[in-house]
Amino acid sequence: AATATLACVADAAHEGLGSALADRSVLSDALPVLAVTTPAALLAWPAIGDRAGVLVAAALTAAFGVAAALHRWSARRLGGISGDVLGATTELARVAALHAGVIAWTRF
């Protein structure tokens, strides 16, 4: 979801995979992604129990925070996103979300 949202809000740095996605996407294209992501994340609720809301919020906040940071960095340093930036967003957002979830699990 973080990667799809980044593709919808960012400009491409040059021709390539990033431009193929970013040039054809607008912010409203991210709404279906978010509409599917939030309920999918909340499906963990029965398995996690009463702490699910905190864990889901921590994971989503971390993932979208990574996307926002990479958006700023790539705009400033590269002139926009590329396919490599989208791939890095996927991997870094996953790691950040998992770590945030584990931290929230142990702290709350």
# chains A, B, ... in the order shown; residues from 1 in each chain; ligands from 1

call {"tool": "residues_around", "arguments": {"residues": "region 31-39 of chain A", "least_positions_apart": "4", "cutoff": "9 Å", "atoms": "only C-alpha atoms", "output": "list in words"}}
result
Ala1, Ala4, Thr5, Leu27, Leu43, Val56 and Leu60 of chain A

call {"tool": "write_last_selection", "arguments": {"atoms": "N, CA and C atoms", "output": "short mmCIF file (atom, residue, chain, number, x, y, z; two decimals), in the first residue's frame"}}
result
data_model
loop_
_atom_site.label_atom_id
_atom_site.label_comp_id
_atom_site.auth_asym_id
_atom_site.auth_seq_id
_atom_site.Cartn_x
_atom_site.Cartn_y
_atom_site.Cartn_z
N ALA A 1 0.82 -1.19 0.00
CA ALA A 1 0.00 0.00 0.00
C ALA A 1 0.87 1.25 0.00
N ALA A 4 2.19 1.68 -3.59
CA ALA A 4 1.12 2.13 -4.49
C ALA A 4 0.77 3.59 -4.24
N THR A 5 0.72 3.99 -2.99
CA THR A 5 0.43 5.38 -2.67
C THR A 5 1.55 6.29 -3.17
N LEU A 27 -3.76 10.95 -7.32
CA LEU A 27 -3.97 10.67 -5.90
C LEU A 27 -5.21 9.84 -5.65
N LEU A 43 -7.92 -7.71 9.66
CA LEU A 43 -8.22 -9.15 9.75
C LEU A 43 -7.34 -9.83 10.80
N VAL A 56 -1.77 -2.54 14.45
CA VAL A 56 -2.07 -2.16 13.07
C VAL A 56 -1.72 -0.70 12.82
N LEU A 60 1.09 0.46 10.07
CA LEU A 60 0.70 1.32 8.95
C LEU A 60 1.40 2.67 9.01
#

call {"tool": "residues_around", "arguments": {"residues": "Arg94 (chain A)", "least_positions_apart": "4", "cutoff": "7 Å", "atoms": "only C-alpha atoms", "output": "ChimeraX atom specification"}}
result
/A:63,90,98

call {"tool": "closest_residue", "arguments": {"among": "A:Ala59, A:Ala88, A:Ala68, A:Ala41", "to": "Ala104 (chain A)", "atoms": "only C-alpha atoms"}}
result
A:Ala59

call {"tool": "atom_distance", "arguments": {"atom1": "CA of Asp50 (chain A)", "atom2": "CA of Ala62 (chain A)"}}
result
20.3 Å

call {"tool": "closest_residue", "arguments": {"among": "A:Arg51, A:Gly79, A:Ala40, A:Asp29", "to": "Val102 (chain A)", "atoms": "only C-alpha atoms"}}
result
A:Arg51

call {"tool": "decode", "arguments": {"residues": "region 71-82 of chain A", "atoms": "all heavy atoms", "output": "short mmCIF file (atom, residue, chain, number, x, y, z; two decimals), in the first residue's frame"}}
result
data_model
loop_
_atom_site.label_atom_id
_atom_site.label_comp_id
_atom_site.auth_asym_id
_atom_site.auth_seq_id
_atom_site.Cartn_x
_atom_site.Cartn_y
_atom_site.Cartn_z
N HIS A 71 9.84 9.55 -0.56
CA HIS A 71 9.31 10.53 -1.51
C HIS A 71 10.11 11.83 -1.42
O HIS A 71 10.54 12.38 -2.44
CB HIS A 71 7.83 10.76 -1.24
CG HIS A 71 7.21 11.76 -2.15
ND1 HIS A 71 6.64 12.92 -1.68
CD2 HIS A 71 7.08 11.80 -3.50
CE1 HIS A 71 6.18 13.62 -2.71
NE2 HIS A 71 6.44 12.96 -3.82
N ARG A 72 10.30 12.32 -0.22
CA ARG A 72 11.07 13.56 -0.03
C ARG A 72 12.50 13.39 -0.51
O ARG A 72 13.05 14.24 -1.20
CB ARG A 72 11.09 13.96 1.44
CG ARG A 72 9.88 14.73 1.87
CD ARG A 72 10.04 15.27 3.24
NE ARG A 72 11.16 16.25 3.23
CZ ARG A 72 11.55 16.92 4.27
NH1 ARG A 72 10.96 16.76 5.41
NH2 ARG A 72 12.54 17.77 4.19
N TRP A 73 13.12 12.28 -0.13
CA TRP A 73 14.51 12.05 -0.50
C TRP A 73 14.67 11.94 -2.01
O TRP A 73 15.56 12.57 -2.59
CB TRP A 73 15.02 10.77 0.18
CG TRP A 73 16.43 10.45 -0.22
CD1 TRP A 73 17.57 10.96 0.33
CD2 TRP A 73 16.85 9.59 -1.28
NE1 TRP A 73 18.67 10.46 -0.31
CE2 TRP A 73 18.25 9.61 -1.31
CE3 TRP A 73 16.17 8.80 -2.20
CZ2 TRP A 73 18.99 8.87 -2.22
CZ3 TRP A 73 16.90 8.06 -3.11
CH2 TRP A 73 18.29 8.10 -3.11
N SER A 74 13.82 11.16 -2.65
CA SER A 74 13.96 10.96 -4.09
C SER A 74 13.65 12.24 -4.87
O SER A 74 14.28 12.51 -5.89
CB SER A 74 13.09 9.80 -4.58
OG SER A 74 11.72 10.10 -4.45
N ALA A 75 12.71 13.03 -4.41
CA ALA A 75 12.41 14.29 -5.08
C ALA A 75 13.59 15.25 -4.99
O ALA A 75 13.95 15.92 -5.96
CB ALA A 75 11.16 14.92 -4.49
N ARG A 76 14.20 15.29 -3.83
CA ARG A 76 15.31 16.21 -3.60
C ARG A 76 16.60 15.72 -4.29
O ARG A 76 17.30 16.51 -4.91
CB ARG A 76 15.54 16.35 -2.10
CG ARG A 76 16.45 17.49 -1.72
CD ARG A 76 16.50 17.72 -0.22
NE ARG A 76 16.87 16.52 0.50
CZ ARG A 76 16.13 15.94 1.44
NH1 ARG A 76 14.98 16.46 1.79
NH2 ARG A 76 16.52 14.85 2.04
N ARG A 77 16.90 14.44 -4.20
CA ARG A 77 18.18 13.93 -4.69
C ARG A 77 18.14 13.43 -6.13
O ARG A 77 19.13 13.50 -6.83
CB ARG A 77 18.66 12.80 -3.80
CG ARG A 77 18.83 13.18 -2.34
CD ARG A 77 19.98 14.07 -2.18
NE ARG A 77 21.16 13.25 -2.16
CZ ARG A 77 22.26 13.55 -1.56
NH1 ARG A 77 22.35 14.67 -0.89
NH2 ARG A 77 23.29 12.76 -1.61
N LEU A 78 17.00 12.88 -6.56
CA LEU A 78 16.91 12.26 -7.88
C LEU A 78 16.00 13.00 -8.84
O LEU A 78 15.95 12.68 -10.02
CB LEU A 78 16.42 10.81 -7.75
CG LEU A 78 17.21 9.90 -6.82
CD1 LEU A 78 16.53 8.56 -6.69
CD2 LEU A 78 18.64 9.74 -7.31
N GLY A 79 15.21 13.93 -8.32
CA GLY A 79 14.26 14.64 -9.16
C GLY A 79 12.93 13.93 -9.30
O GLY A 79 12.08 14.34 -10.07
N GLY A 80 12.71 12.88 -8.58
CA GLY A 80 11.46 12.11 -8.61
C GLY A 80 11.73 10.65 -8.32
O GLY A 80 12.84 10.26 -7.97
N ILE A 81 10.70 9.84 -8.48
CA ILE A 81 10.83 8.42 -8.18
C ILE A 81 11.29 7.65 -9.41
O ILE A 81 11.19 8.12 -10.53
CB ILE A 81 9.51 7.82 -7.65
CG1 ILE A 81 8.41 7.91 -8.71
CG2 ILE A 81 9.11 8.45 -6.35
CD1 ILE A 81 7.19 7.08 -8.39
N SER A 82 11.80 6.47 -9.16
CA SER A 82 12.16 5.54 -10.22
C SER A 82 11.68 4.16 -9.78
O SER A 82 11.17 3.99 -8.66
CB SER A 82 13.68 5.53 -10.42
OG SER A 82 14.32 5.02 -9.27
#
